[in-house]
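Asker: Below you'll find start00.txt; it's compact mmCIF, C-alpha atoms.
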# COMPACT_ATOMS: atom_id res chain seq x y z
CA PRO A 1 0.00 0.00 0.00
CA SER A 2 0.98 3.61 -0.50
CA ASP A 3 2.48 5.58 2.37
CA VAL A 4 0.33 7.90 4.45
CA SER A 5 1.07 11.33 5.88
CA LEU A 6 -0.56 12.97 8.89
CA VAL A 7 -2.68 16.06 8.30
CA ALA A 8 -4.16 16.94 11.69
CA PRO A 9 -3.68 17.32 14.56
CA VAL A 10 0.01 18.21 14.33
CA ALA A 11 2.45 20.39 16.26
CA GLY A 12 0.96 23.77 17.16
CA GLN A 13 -2.60 22.45 17.06
CA TYR A 14 -4.72 22.05 20.18
CA PRO A 15 -7.84 19.89 19.96
CA ASN A 16 -10.33 21.12 22.55
CA HIS A 17 -12.71 18.16 22.75
CA GLN A 18 -11.92 14.61 23.82
CA HIS A 19 -13.55 13.17 20.70
CA PHE A 20 -11.39 14.95 18.13
CA ILE A 21 -10.63 13.97 14.53
CA CYS A 22 -7.35 12.53 13.26
CA SER A 23 -7.02 13.00 9.50
CA LEU A 24 -4.38 11.77 7.08
CA SER A 25 -3.65 11.67 3.38
CA VAL A 26 -2.65 8.73 1.19
CA SER A 27 -0.02 8.95 -1.51
CA ALA A 28 -0.90 8.07 -5.08
CA PRO A 29 -1.00 4.26 -5.51
CA VAL A 30 2.30 2.81 -6.66
CA ASN A 31 0.67 -0.39 -7.88
CA PRO A 32 -2.90 -1.19 -8.83
CA VAL A 33 -4.95 -1.88 -5.73
CA VAL A 34 -5.98 -5.53 -5.66
CA ALA A 35 -6.52 -6.40 -2.00
CA THR A 36 -8.73 -4.20 0.19
CA GLU A 37 -6.74 -1.46 1.92
CA PHE A 38 -7.33 0.36 5.21
CA ASN A 39 -5.46 2.49 7.72
CA ILE A 40 -4.16 1.78 11.22
CA ILE A 41 -3.88 4.72 13.62
CA GLU A 42 -1.95 4.57 16.88
CA LEU A 43 -1.97 7.11 19.73
CA SER A 44 0.44 7.15 22.65
CA SER A 45 1.48 9.40 25.51
CA ASP A 46 5.04 8.20 24.80
CA SER A 47 6.92 9.68 21.83
CA SER A 48 8.73 6.38 21.28
CA PHE A 49 5.47 4.41 21.41
CA GLY A 50 6.98 2.12 24.02
CA SER A 51 3.48 1.73 25.36
CA ILE A 52 0.81 2.20 22.72
CA VAL A 53 -2.29 3.44 24.45
CA ASN A 54 -4.83 3.19 21.63
CA THR A 55 -4.78 1.38 18.29
CA TYR A 56 -7.62 1.88 15.80
CA ARG A 57 -8.16 -0.53 12.88
CA PRO A 58 -9.52 -0.79 10.33
CA VAL A 59 -9.86 2.90 9.51
CA VAL A 60 -11.34 2.85 6.01
CA PRO A 61 -11.77 6.59 5.32
CA ASP A 62 -8.84 8.99 5.68
CA PHE A 63 -10.02 10.28 9.04
CA LEU A 64 -11.14 9.00 12.41
CA MET A 65 -13.11 10.64 15.20
CA ILE A 66 -11.45 9.30 18.32
CA PRO A 67 -14.16 7.33 20.14
CA ASP A 68 -12.40 7.15 23.51
CA SER A 69 -12.17 9.83 26.19
CA MET A 70 -8.54 10.89 26.13
CA ALA A 71 -6.72 12.51 29.04
CA GLU A 72 -5.63 16.11 28.64
CA GLY A 73 -2.00 16.83 27.83
CA ARG A 74 0.52 15.94 25.11
CA TRP A 75 -0.14 13.01 22.79
CA TYR A 76 1.70 11.42 19.88
CA TRP A 77 0.20 9.62 16.90
CA ARG A 78 1.24 7.80 13.77
CA ALA A 79 -0.39 5.74 11.02
CA ARG A 80 0.27 3.20 8.33
CA ARG A 81 -1.75 1.62 5.54
CA VAL A 82 -2.22 -2.13 5.19
CA ASP A 83 -4.17 -4.45 2.94
CA SER A 84 -6.06 -7.67 3.41
CA ALA A 85 -3.16 -9.58 1.83
CA GLY A 86 -0.96 -8.67 4.79
CA ASN A 87 1.13 -5.99 3.08
CA SER A 88 1.94 -2.76 4.92
CA SER A 89 3.23 0.68 4.05
CA THR A 90 6.02 2.22 6.10
CA ILE A 91 4.95 3.84 9.36
CA SER A 92 4.33 7.57 9.01
CA THR A 93 6.36 10.19 10.82
CA VAL A 94 5.15 10.86 14.36
CA ALA A 95 3.10 13.99 15.06
CA SER A 96 2.43 15.45 18.48
CA PHE A 97 -0.33 17.69 19.76
CA VAL A 98 -1.78 18.94 23.05
CA LEU A 99 -5.34 18.04 24.02
CA ASP A 100 -6.87 20.87 26.05
CA THR A 101 -10.54 20.65 27.00
CA THR A 102 -10.53 23.09 29.95
CA PRO A 103 -11.25 26.84 29.66
CA PRO A 104 -8.89 29.13 31.60
CA PRO A 105 -10.19 30.75 34.80
CA VAL A 106 -11.15 34.41 35.02
CA PRO A 107 -7.97 36.42 35.78
CA VAL A 108 -7.95 38.19 39.15
CA ALA A 109 -7.01 41.88 39.08
CA VAL A 110 -3.83 42.68 41.02
CA ARG A 111 -3.01 46.29 40.14
CA PRO A 112 -3.98 49.08 40.16
CA GLN A 113 -6.16 48.74 43.23
CA GLU A 114 -9.86 49.51 42.97
CA THR A 115 -10.55 53.29 42.54
CA ALA A 116 -6.79 54.01 42.55
CA LEU A 117 -5.49 57.31 41.24
CA VAL A 118 -2.93 56.48 38.56
CA GLY A 119 -0.51 58.53 36.51
CA GLY A 120 2.60 59.02 38.67
CA ASN A 121 4.77 57.58 35.90
CA PRO A 122 4.69 58.15 32.14
CA ARG A 123 3.40 54.58 31.88
CA VAL A 124 0.77 52.88 34.03
CA VAL A 125 1.23 49.18 34.80
CA PHE A 126 -1.82 46.91 34.95
CA GLY A 127 -1.45 43.42 36.36
CA TRP A 128 -3.55 40.33 37.02
CA SER A 129 -3.12 36.77 38.21
CA PRO A 130 -1.55 34.42 35.65
CA THR A 131 -3.40 31.33 34.52
CA PRO A 132 -2.50 28.52 36.95
CA GLN A 133 -0.29 25.73 35.68
CA PHE A 134 -1.97 22.38 35.30
CA ALA A 135 -0.27 19.09 36.12
CA HIS A 136 -0.47 18.29 32.40
CA GLU A 137 0.70 20.36 29.44
CA SER A 138 -1.98 22.72 28.14
CA ALA A 139 -2.45 25.16 25.27
CA PRO A 140 -0.56 28.48 25.56
CA ASP A 141 -2.56 31.16 27.35
CA PHE A 142 -3.05 34.83 26.56
CA TYR A 143 -5.39 37.62 27.66
CA HIS A 144 -7.92 40.05 26.25
CA PHE A 145 -7.39 43.43 27.94
CA GLN A 146 -9.70 46.47 27.68
CA ILE A 147 -9.85 50.02 29.06
CA SER A 148 -12.97 52.14 28.66
CA SER A 149 -14.58 55.31 29.97
CA ASP A 150 -17.86 53.37 29.94
CA ILE A 151 -18.49 50.75 32.64
CA GLY A 152 -20.42 48.79 30.02
CA PHE A 153 -17.41 48.96 27.65
CA GLY A 154 -19.48 50.40 24.84
CA GLY A 155 -16.41 52.21 23.51
CA ASN A 156 -12.85 51.32 24.39
CA LEU A 157 -9.76 53.49 24.77
CA LEU A 158 -7.63 50.37 24.52
CA ASP A 159 -8.55 46.87 23.32
CA THR A 160 -5.66 44.46 22.86
CA LEU A 161 -4.37 40.91 23.31
CA VAL A 162 -1.54 40.33 25.78
CA ARG A 163 0.72 37.27 26.12
CA VAL A 164 1.85 38.01 29.70
CA ASP A 165 0.05 38.93 32.93
CA THR A 166 1.03 42.61 32.95
CA LEU A 167 0.58 45.49 30.53
CA SER A 168 2.30 48.87 30.56
CA VAL A 169 0.08 51.60 29.11
CA ASP A 170 1.18 55.12 28.19
CA ARG A 171 -0.75 57.54 30.39
CA SER A 172 -1.42 59.75 27.37
CA VAL A 173 -4.20 57.24 26.58
CA PHE A 174 -6.13 58.72 29.52
CA THR A 175 -7.63 62.16 30.04
CA VAL A 176 -6.65 63.59 33.41
CA GLY A 177 -9.61 63.67 35.77
CA ASP A 178 -11.56 60.92 34.03
CA THR A 179 -12.95 57.90 35.83
CA LEU A 180 -12.06 54.83 33.79
CA TYR A 181 -12.56 51.08 33.87
CA TRP A 182 -10.45 48.09 32.91
CA ARG A 183 -11.10 44.38 32.64
CA VAL A 184 -9.31 41.28 31.41
CA GLN A 185 -10.38 37.90 30.04
CA GLY A 186 -8.41 34.66 29.87
CA LEU A 187 -7.99 32.95 26.48
CA ASP A 188 -5.97 30.01 25.20
CA SER A 189 -4.72 28.64 21.91
CA ALA A 190 -7.23 25.79 21.98
CA GLY A 191 -10.01 28.33 21.44
CA TRP A 192 -11.29 28.43 25.01
CA SER A 193 -12.06 31.62 26.90
CA SER A 194 -12.94 32.48 30.47
CA ALA A 195 -15.86 34.65 31.42
CA VAL A 196 -15.09 38.35 31.03
CA GLY A 197 -13.69 39.79 34.24
CA VAL A 198 -15.68 42.37 36.21
CA PRO A 199 -14.85 46.04 35.50
CA HIS A 200 -12.28 47.66 37.81
CA GLU A 201 -12.40 51.40 38.37
CA PHE A 202 -9.46 53.80 38.41
CA ARG A 203 -8.98 57.54 38.01
CA ALA A 204 -6.49 59.23 35.74
CA ALA A 205 -4.22 61.94 37.13
CA THR A 206 -0.80 63.43 36.61
CA TYR A 207 1.59 63.69 39.54
CA SER A 208 5.30 63.23 40.15
CA CYS A 209 6.31 60.00 41.79
CA GLY A 210 7.95 60.73 45.14
CA ASP A 211 7.02 64.42 45.12
CA MET A 212 4.53 64.31 47.99
CA ASP A 213 4.67 68.05 48.75
CA PHE A 214 4.29 69.07 45.08
CA SER A 215 7.52 71.06 45.15
CA GLY A 216 8.41 69.86 41.68
CA ALA A 217 10.93 67.17 42.67
CA SER A 218 11.62 64.54 45.31
CA ASP A 219 13.78 65.86 48.16
CA ILE A 220 14.38 65.63 51.91
CA SER A 221 11.01 67.24 52.66
CA ASP A 222 9.27 64.29 51.01
CA VAL A 223 11.28 61.93 53.23
CA THR A 224 10.07 63.96 56.23
CA LEU A 225 6.44 63.68 55.11
CA LEU A 226 6.78 59.95 54.65
CA ILE A 227 8.32 59.50 58.11
CA ALA A 228 5.54 61.58 59.64
CA PHE A 229 2.86 59.45 57.96
CA LEU A 230 4.46 56.12 58.83
CA TYR A 231 5.52 56.80 62.43
CA LEU A 232 4.07 60.07 63.75
CA GLY A 233 0.42 59.95 62.79
CA GLY A 234 0.79 62.44 59.95
CA PRO A 235 -1.56 62.58 56.97
CA PRO A 236 -1.08 60.07 54.16
CA PRO A 237 0.41 61.18 50.83
CA ASP A 238 -2.29 62.46 48.51
CA PRO A 239 -2.55 60.96 45.98
CA ALA A 240 -1.36 57.74 47.59
CA GLY A 241 0.64 56.87 44.49
CA SER A 242 3.02 59.77 45.10
CA GLY A 243 4.27 58.03 48.24
CA SER A 244 4.30 54.44 46.97
CA VAL A 245 7.67 54.78 45.30
CA ASP A 246 8.66 51.11 45.03
CA CYS A 247 5.89 50.08 42.61
CA ASP A 248 3.90 47.86 44.96
CA GLU A 249 0.97 50.28 45.59
CA GLY A 250 1.18 50.08 49.39
CA ILE A 251 3.05 52.64 51.53
CA ASP A 252 5.40 51.20 54.14
CA ILE A 253 9.01 51.16 55.34
CA SER A 254 10.21 49.82 52.00
CA ASP A 255 9.04 53.04 50.32
CA LEU A 256 10.96 55.11 52.84
CA THR A 257 14.07 52.99 52.29
CA PHE A 258 13.63 53.22 48.53
CA LEU A 259 13.29 57.01 48.55
CA ILE A 260 16.30 57.52 50.82
CA GLY A 261 18.32 55.21 48.59
CA TYR A 262 17.33 57.23 45.52
CA LEU A 263 18.03 60.66 47.05
CA PHE A 264 21.25 59.93 48.94
CA LEU A 265 22.72 56.61 47.82
CA GLY A 266 22.42 56.68 44.04
CA GLY A 267 19.50 54.24 43.93
CA THR A 268 16.96 53.84 41.16
CA GLU A 269 14.27 56.42 40.48
CA PRO A 270 10.91 56.17 42.25
CA CYS A 271 8.40 53.92 40.54
CA CYS A 272 4.74 54.70 41.25
CA PHE A 273 1.58 53.40 39.65
Represent the structure of the file as C-alpha cells.
Answerer:
Amino acid sequence: PSDVSLVAPVAGQYPNHQHFICSLSVSAPVNPVVATEFNIIELSSDSSFGSIVNTYRPVVPDFLMIPDSMAEGRWYWRARRVDSAGNSSTISTVASFVLDTTPPPVPVAVRPQETALVGGNPRVVFGWSPTPQFAHESAPDFYHFQISSDIGFGGNLLDTLVRVDTLSVDRSVFTVGDTLYWRVQGLDSAGWSSAVGVPHEFRAATYSCGDMDFSGASDISDVTLLIAFLYLGGPPPDPAGSGSVDCDEGIDISDLTFLIGYLFLGGTEPCCF
C-alpha cells in the first residue's frame, strides 16, 4: 500500500474536545490496488510508542473521530496503511499535539487597586493573576485586555491581546480627571475563553512619583512627610501613588528605604503606579 502522511492534529494544534478527529492523506498508488486497503492509527502518551495506548483498525476513510475519552496533555500519533493480503506501508512520521478541554479561569485583578489614582509615571502598569499551571501540558494562554470610559465597555480606549500577565500603558491614553474602567479575560490557543472579568475602576491623574509636597521634585522634605505618615500619625500622601515609590501600591518602610536610597545613595528612580 501507498504511504500515508498525517494532516491533523500536528504540532501547534490544540484539539479542545476529547472526541477529536485525526485525519491523514494517502499517496498516489504505486501499484494497482488488488486487496482491500485500510489504515491503522496509533496514539500514545510516549513519543517512542513504548506503550501504545490506543490502536484503531480498520480505519477505512482517511479520518477518524477518536471514540475514547482521552486525558488532557501531550499526545503522539502515527499511522500506516495495510491491505487484506498482509502488506503494509512504512509507518508515518510521528506527530504530536496537546489536548486541552478546559477553559482558563477568570484572571484576578492585582493592580492598580480599585478606585486608585494612577498617573505618577509616564506609563501605568496593569497586572492580574496568571493562569494557573496544570499538572499536564496545556495550550498556551493569553489575555484580552480592555480600558474604557464606559463601565459597560461600549467604547474602548484600549482593546488588545496580551501574552503576559502585565501590561504597561502610556498615560497619554487617559484624560486627566476621568474615571475609567479596565477588565481582562483569559484565552488560550485551543479556542477556550474564560468569562469576562468584572470592571475595575481607576482615576487618571498626573503627579510626580515621590514628590509628595508638590515642590516639583523629590527631596528631603518628602522623606520627612513619609516618616511623619508612617511613624508620627501624619496625613497620608495624597494621591497615595506619590508616596508608593517602590511600585507595589502600598506605603510602608520599603518606600521610605527606597526614597532615601534614591536621594542619597544613588538608587533607582521612584516607581509609582
Asker: Write out as a ChimeraX atom specification which residues come within 8 Å of His17 of chain A when counting only C-alpha atoms, dropping same-chain ones fewer than 4 positions away.
Answerer: /A:99-101
Asker: Compare A:Gly267, A:Gly154, A:Pro1, A:Phe20 by their minimum atom-to-atom distance to Ala85 of chain A, counting all atoms listed in the file, and give me the closest one.
Answerer: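 Checking each candidate against Ala85 of chain A, we get A:Pro1 as the closest.
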Asker: List every residue of segment 62-124 of chain A that has an atom at most 12 Å from any atom of segment 250-259 of chain A, giving for each one its closest atom pair and the distance in Å to one decimal, counting all atoms listed in the file, sorted by chain and then by ascending residue number, as CSV.
Answerer:
residue,atom,partner,partner_atom,distance
A:Arg111,CA,A:Gly250,CA,10.8
A:Pro112,CA,A:Gly250,CA,10.6
A:Gln113,CA,A:Gly250,CA,9.7
A:Ala116,CA,A:Gly250,CA,11.2
Asker: For Val98 of chain A, which residue among A:Val34, A:Val53, A:Leu180, A:Ala190 is the nearest when counting all atoms listed in the file?
Answerer: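 Of A:Val34, A:Val53, A:Leu180, A:Ala190, the one nearest Val98 of chain A is A:Ala190, counting all atoms listed in the file.
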Asker: With only C-alpha atoms as the counted atoms, please give the residues lying no more than 7 Å from segment 72-77 of chain A, apart from itself and same-chain residues fewer than 3 positions off, as a ChimeraX atom specification.
Answerer: /A:42-47,94-101,136-138
Asker: Could you check the closest approach to His200 of chain A for each of A:Leu263, A:Leu117, A:Cys272, A:Ala109 and tell me which residue wins, using only C-alpha atoms?
Answerer: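 Once distances to His200 of chain A are computed over only C-alpha atoms, the minimum belongs to A:Ala109.
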Asker: Between A:Ile220, A:Val26, A:Ala205, A:Ile41, which is the closest to Ala240 of chain A once you count all atoms listed in the file?
Answerer: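 Checking each of A:Ile220, A:Val26, A:Ala205, A:Ile41 against Ala240 of chain A, counting all atoms listed in the file, the winner is A:Ala205.
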Asker: What is the atom CA of Asp188 of chain A-atom CA of Pro104 of chain A distance in Å, reported with one decimal?
Answerer: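 Atom-to-atom, atom CA of Asp188 of chain A to atom CA of Pro104 of chain A, that is 7.1 Å.
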Asker: Rank A:Phe214, A:Trp128, A:Thr224, A:Asp248 by their smallest atom-to-atom distance to Trp182 of chain A, using only C-alpha atoms, and report the top residue only.
Answerer: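 Under the stated criterion, the closest residue is A:Trp128.
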Asker: Can you tell me how far atom CA of Thr268 of chain A sits from atom CA of Leu226 of chain A, in Å to one decimal?
Answerer: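 Computing it gives 18.0 Å between the two atoms.
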